[in-house]
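Worksheet for the structure shown next.
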Amino acid sequence: MQGRSLGRIAWERLKRDKLALTGGVVVLVLVLVAIFAPFIADLAGQDPDAYHENLIDPLFGTPTGSLGGISGDHLLGVEPVNGRDLFARVVYGARISLLVGFLSAMVAVVLGTVLGILAGFFGGWVDAVVSRVMDGLLAFPQLLFIIALVSVMPNHMLGLTGTGVRVFVMILVIGFFGWPYIGRVVRGQTLSMREREYVEAARSLGAGRFYILFKELLPNLVAPIIVYTTMMIPTNILTEAALSFLGVGVKPPTSSWGQMLSTAIDYYESDPMFMVVPGVAIFITVLAFNLFGDGVRDALDPKGSR
Amino acid sequence: MLAYLIRRLLAAAVMLVVIIVVVFSIFFLIPKWAGVDIATSFVGKQADPASVEGVREKLGLADPIYAQVWEFFKGIFVGRTYSGGGDVTQCAAPCFGYSFRSEQAVWPVLTDRFPVTLGLALGAAVLWLVFGVAAGVLSALKRGSIWDRGAMVVALSGVSLPIYFTGMLSVAVLDIGLGWVDAQYVPLDESFTGWFGGMLLPWVTLAFLYAAMYARITRATMMEILGEDYIRTARAKGLREPVVIRKHAMRSTMTPLLTMLGMDLGALIGGAILTETTFSLPGLGQKVLDAIKNQDLPFILGVTLITSLAVLVANLVVDILYAVIDPRVRLA
């Protein structure tokens with residue numbers, strides 16, 4: 001009988017989980033939409049920044065057509081006042097959401113893995129310092145600190161300006177507040193594996209510390225890291241949307257879902273479709289990531305009996 | 001127990017100092033590195049050089065950062081007198097800073113807005129604890145049933161929906177569409193029914209998100225605990241199932257929930273920024289957002305500090321409750 005690797009077992013479990021697969025497919029589609037946003041907007045014949053004031057009721061500033069001006073040309077309707085195409089703006093908005101969601105999770109994973117593994121492996125004062133910092137960061141009111149940090153950051157840095165700086169700062173700050181979640185898990189796992197026989201065996205064969213760290217321990221940490229990363233991405237997407245909603249994230253005219261919602265709050269009586277479109281976009285994205293994440297967790301968890 | 005308490009209190013005190021230092025670094029060092037003149041942002045956009053210099057002198061911005069932190073720290077206990085540029089500004093204790101831009105001390109404004117936020121957070125917490133924990137426990141006990149699946153689908157949707165979107169939707173449908181509620185904030189001392197009615201939607205919206213999170217955690221924890229040996233022992237010695245659940249399983253399920261509750265409540269008391277913005281509630285969260293939009297640094301700093309304090313106190317209370325619930329903690 002041939003042995004099966006953990007990845008193989010996990011994949012077979014994941015394949016049976018219909019909800020998780022659906023989530024995974026939606027995530028894939030969203031990633032493609034984000035990458036090919038300009039082509040998709042072109043296909044629909046729309047530009048996210050073009051004004052269509054002829055579709056706006058001059059008296060109320062709301063779209064003239066029914067349901068927020070949905071038509072063959074404007075698949076999801078148009079924005080109030082200036083008549084920008086919502087479909088194109090939502091498609092472009094996916095770029096910001098996914099970019100910030102993924103990259104901030106990467107920042108958290110790199111920081112959390114390196115610091116967590118060092119704390120768990122070396123113990124002593126290294127562990128004491130890293131653990132205290134993690135406790136402290138987890139106890140901080142995060143959204144407030146993220147808002148505060150993002151708002152004091154300058155508008156020009158490292159050769160970036162405007163939206164570039166905003167996105168860069170959001171990735172760094174969200175990632176920075178996320179690393180303790182990964183770090184705690186990695187530290188705990190490292191601690192429990194440090195004294196296992198295979199590590200002992202490697203040590204007795206003369207393996208150096210860094211060989212043991214990266215060749216023996218790290219591969220065994222991949223499963224929990226993957227699980228926590230997939231669960232962190234949707235949270236980060238929500239944080240980005242919240243920051244843009246509050247007006248400290250991406251600045252107009254760049255479109256982001258949170259920022260569309262913050263404009264929509266002024267029109268929810270007269271043009272409710274304007275709020276529904278970006279809101280549903282956020283919901284579908286985060287739900288898909290959560291479904292996929294739950295599935296990955298169940299598939300990789302050896303305790304799961306399903 | 002006493003030793004445990006003292007250890008916790010000391011840890012909280014250290015944390016408080018760390019928080020003050022970190023907050024100061026964020027607001028004073030980062031702009032410095034970035035080459036932004038803080039004095040200008042303390043005065044306002046159309047600041048004339050004389051008043052900028054005055055503020056610089058008043059705040060002691062030319063002093064090293066630790067001296068500034070110390071002055072601020074002292075102000076909390078004994079009050080502070082800002083003098084410079086030919087005039088003097090008084091800030092009574094507890095002085096959490098003074099906004100030269102809006103010409104008011106930070107602390108009175110914060111105490112003014114605090115009841116709104118406190119009412120929002122506590123009301124929502126009651127709702128989410130009752131519904132979230134109940135749903136989680138029932139799901140864990142009836143694992144795989146229609147009820148379990150249904151509850152978990154709702155919970156997953158709940159954690160995937162941004163709160164400002166559910167908030168706007170609920171106002172659009174229940175208030176404007178159906179006219180069932182009036183989502184208009186009325187201060188508590190004006191009219192209790194008006195206040196209650198106005199808070200209803202914010203409570204439910206906020207509680208929905210947290211109930212979803214708590215239901216998921218409760219279910220996972222409960223299922224793990226039901227697999228433990230001591231539960232089997234309890235069953236084996238002939239205890240009836242409801243007693244096993246209530247006396248043995250619930251008690252251990254509570255500990256992680258308590259940790260979460262402490263952090264969540266602490267953070268919310270410091271300003272439920274998103275909820276307050278969505279429903280235009282004049283609480284701390286809305287104030288900090290206004291302050292950020294107007295670049296009114298003293299208020300941002302003040303609210304950030306107060307929130308951190310609230311989290312700190314909430315965590316301390318949780319630690320103490322922990323020792324009451326779980327004897328292992330106070331003996332360790």
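Every chain in the structure tokens takes a letter, A first, then B, and so on in the order presented; its residues are numbered from 1, and the ligands are numbered from 1 following the presented order.
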
(Q) Report as number ranges by chain all protein, DNA and RNA residues lying within 7 Å of A:Phe274, evaluated on only C-alpha atoms, omitting residues in the same chain fewer than 3 positions from it. (A) A: 68, 79, 264, 271, 277

Fill in: Shell of 9 Å around A:Leu144, only C-alpha atoms, local chain residues under 3 positions omitted, as a PyMOL selection string
(chain A and resi 140-141+147-149) or (chain B and resi 267+270-271+273+285+288+303-304+307)

Mind dumping the selected residues with N, CA and C atoms as a tab-separated table (two decimals), in the first residue's frame?
chain	number	residue	atom	x	y	z
A	140	PHE	N	-4.14	45.67	21.89
A	140	PHE	CA	-4.39	47.02	21.39
A	140	PHE	C	-5.71	47.09	20.65
A	141	PRO	N	-6.42	48.23	20.77
A	141	PRO	CA	-7.61	48.42	19.93
A	141	PRO	C	-7.15	48.64	18.49
A	147	ILE	N	-6.22	53.22	12.02
A	147	ILE	CA	-6.70	54.51	11.52
A	147	ILE	C	-5.71	55.61	11.88
A	148	ALA	N	-5.28	55.60	13.13
A	148	ALA	CA	-4.36	56.63	13.59
A	148	ALA	C	-3.07	56.61	12.77
A	149	LEU	N	-2.51	55.41	12.61
A	149	LEU	CA	-1.26	55.27	11.87
A	149	LEU	C	-1.40	55.70	10.42
B	267	ALA	N	-12.53	47.29	23.32
B	267	ALA	CA	-12.35	48.01	22.06
B	267	ALA	C	-13.60	48.80	21.69
B	270	GLY	N	-14.17	51.98	23.69
B	270	GLY	CA	-13.30	53.04	23.20
B	270	GLY	C	-13.79	53.63	21.89
B	271	GLY	N	-14.95	53.24	21.43
B	271	GLY	CA	-15.47	53.83	20.21
B	271	GLY	C	-15.79	52.78	19.18
B	273	ILE	N	-16.35	52.73	16.11
B	273	ILE	CA	-16.21	53.74	15.06
B	273	ILE	C	-17.16	53.50	13.89
B	285	GLY	N	-16.28	57.13	19.01
B	285	GLY	CA	-15.80	56.70	17.71
B	285	GLY	C	-16.00	57.78	16.67
B	288	VAL	N	-13.46	60.57	17.16
B	288	VAL	CA	-12.10	60.31	16.68
B	288	VAL	C	-12.04	60.43	15.16
B	303	VAL	N	-8.42	60.00	22.43
B	303	VAL	CA	-9.32	58.86	22.28
B	303	VAL	C	-8.52	57.56	22.19
B	304	THR	N	-7.39	57.60	21.47
B	304	THR	CA	-6.57	56.40	21.37
B	304	THR	C	-6.14	55.93	22.75
B	307	THR	N	-9.17	54.61	24.76
B	307	THR	CA	-9.57	53.28	24.28
B	307	THR	C	-8.61	52.22	24.80

Per-residue nearest contacts chain B to chain A, cut-off 8 Å, using only C-alpha atoms, as a Markdown table:
| residue | atom | partner | partner_atom | distance |
| --- | --- | --- | --- | --- |
| B:Met15 | CA | A:Gly136 | CA | 7.4 |
| B:Ile26 | CA | A:Leu149 | CA | 6.6 |
| B:Phe27 | CA | A:Val152 | CA | 6.8 |
| B:Ile30 | CA | A:Met153 | CA | 7.2 |
| B:Pro31 | CA | A:Val152 | CA | 6.5 |
| B:Ala34 | CA | A:Pro154 | CA | 6.2 |
| B:Val36 | CA | A:Pro154 | CA | 7.8 |
| B:Leu156 | CA | A:Leu287 | CA | 7.1 |
| B:Ser157 | CA | A:Leu287 | CA | 6.6 |
| B:Ser160 | CA | A:Leu287 | CA | 5.2 |
| B:Leu161 | CA | A:Phe283 | CA | 5.3 |
| B:Pro162 | CA | A:Leu238 | CA | 6.7 |
| B:Phe165 | CA | A:Gly279 | CA | 5.9 |
| B:Met168 | CA | A:Ile265 | CA | 7.1 |
| B:Ala172 | CA | A:Tyr268 | CA | 6.4 |
| B:Ile176 | CA | A:Glu269 | CA | 7.1 |
| B:Met263 | CA | A:Ala139 | CA | 6.7 |
| B:Gly266 | CA | A:Pro141 | CA | 7.9 |
| B:Ala267 | CA | A:Pro141 | CA | 5.2 |
| B:Leu274 | CA | A:Ala242 | CA | 7.5 |
| B:Thr278 | CA | A:Ile265 | CA | 7.8 |
| B:Leu289 | CA | A:Leu246 | CA | 7.5 |
| B:Ile292 | CA | A:Ser151 | CA | 6.8 |
| B:Ile300 | CA | A:Ala148 | CA | 7.2 |
| B:Thr304 | CA | A:Leu144 | CA | 6.7 |
| B:Thr307 | CA | A:Pro141 | CA | 6.8 |
| B:Ser308 | CA | A:Phe140 | CA | 6.2 |
| B:Val311 | CA | A:Ala139 | CA | 6.9 |
| B:Leu312 | CA | A:Ala139 | CA | 7.5 |

Q.
So that I can check the surroundings of stretch 103-112 of chain A, please list as a PyMOL selection string every protein, DNA and RNA residue that reaches within 7 Å of it, counting only C-alpha atoms and ignoring chain neighbours fewer than 5 positions away.
A. chain A and resi 171-172+174-176+178-180+182-183+229+232-233

- Task: Mind the document's chain letters and residue numbers, and return as a VMD selection string the residues of stretch 12-229 of chain A that DSSP labels alpha helix (DSSP H).
- Result: chain A and resid 12 to 16 18 to 35 37 to 43 86 to 122 124 to 139 142 to 152 163 to 193 197 to 204 209 to 211 218 to 229
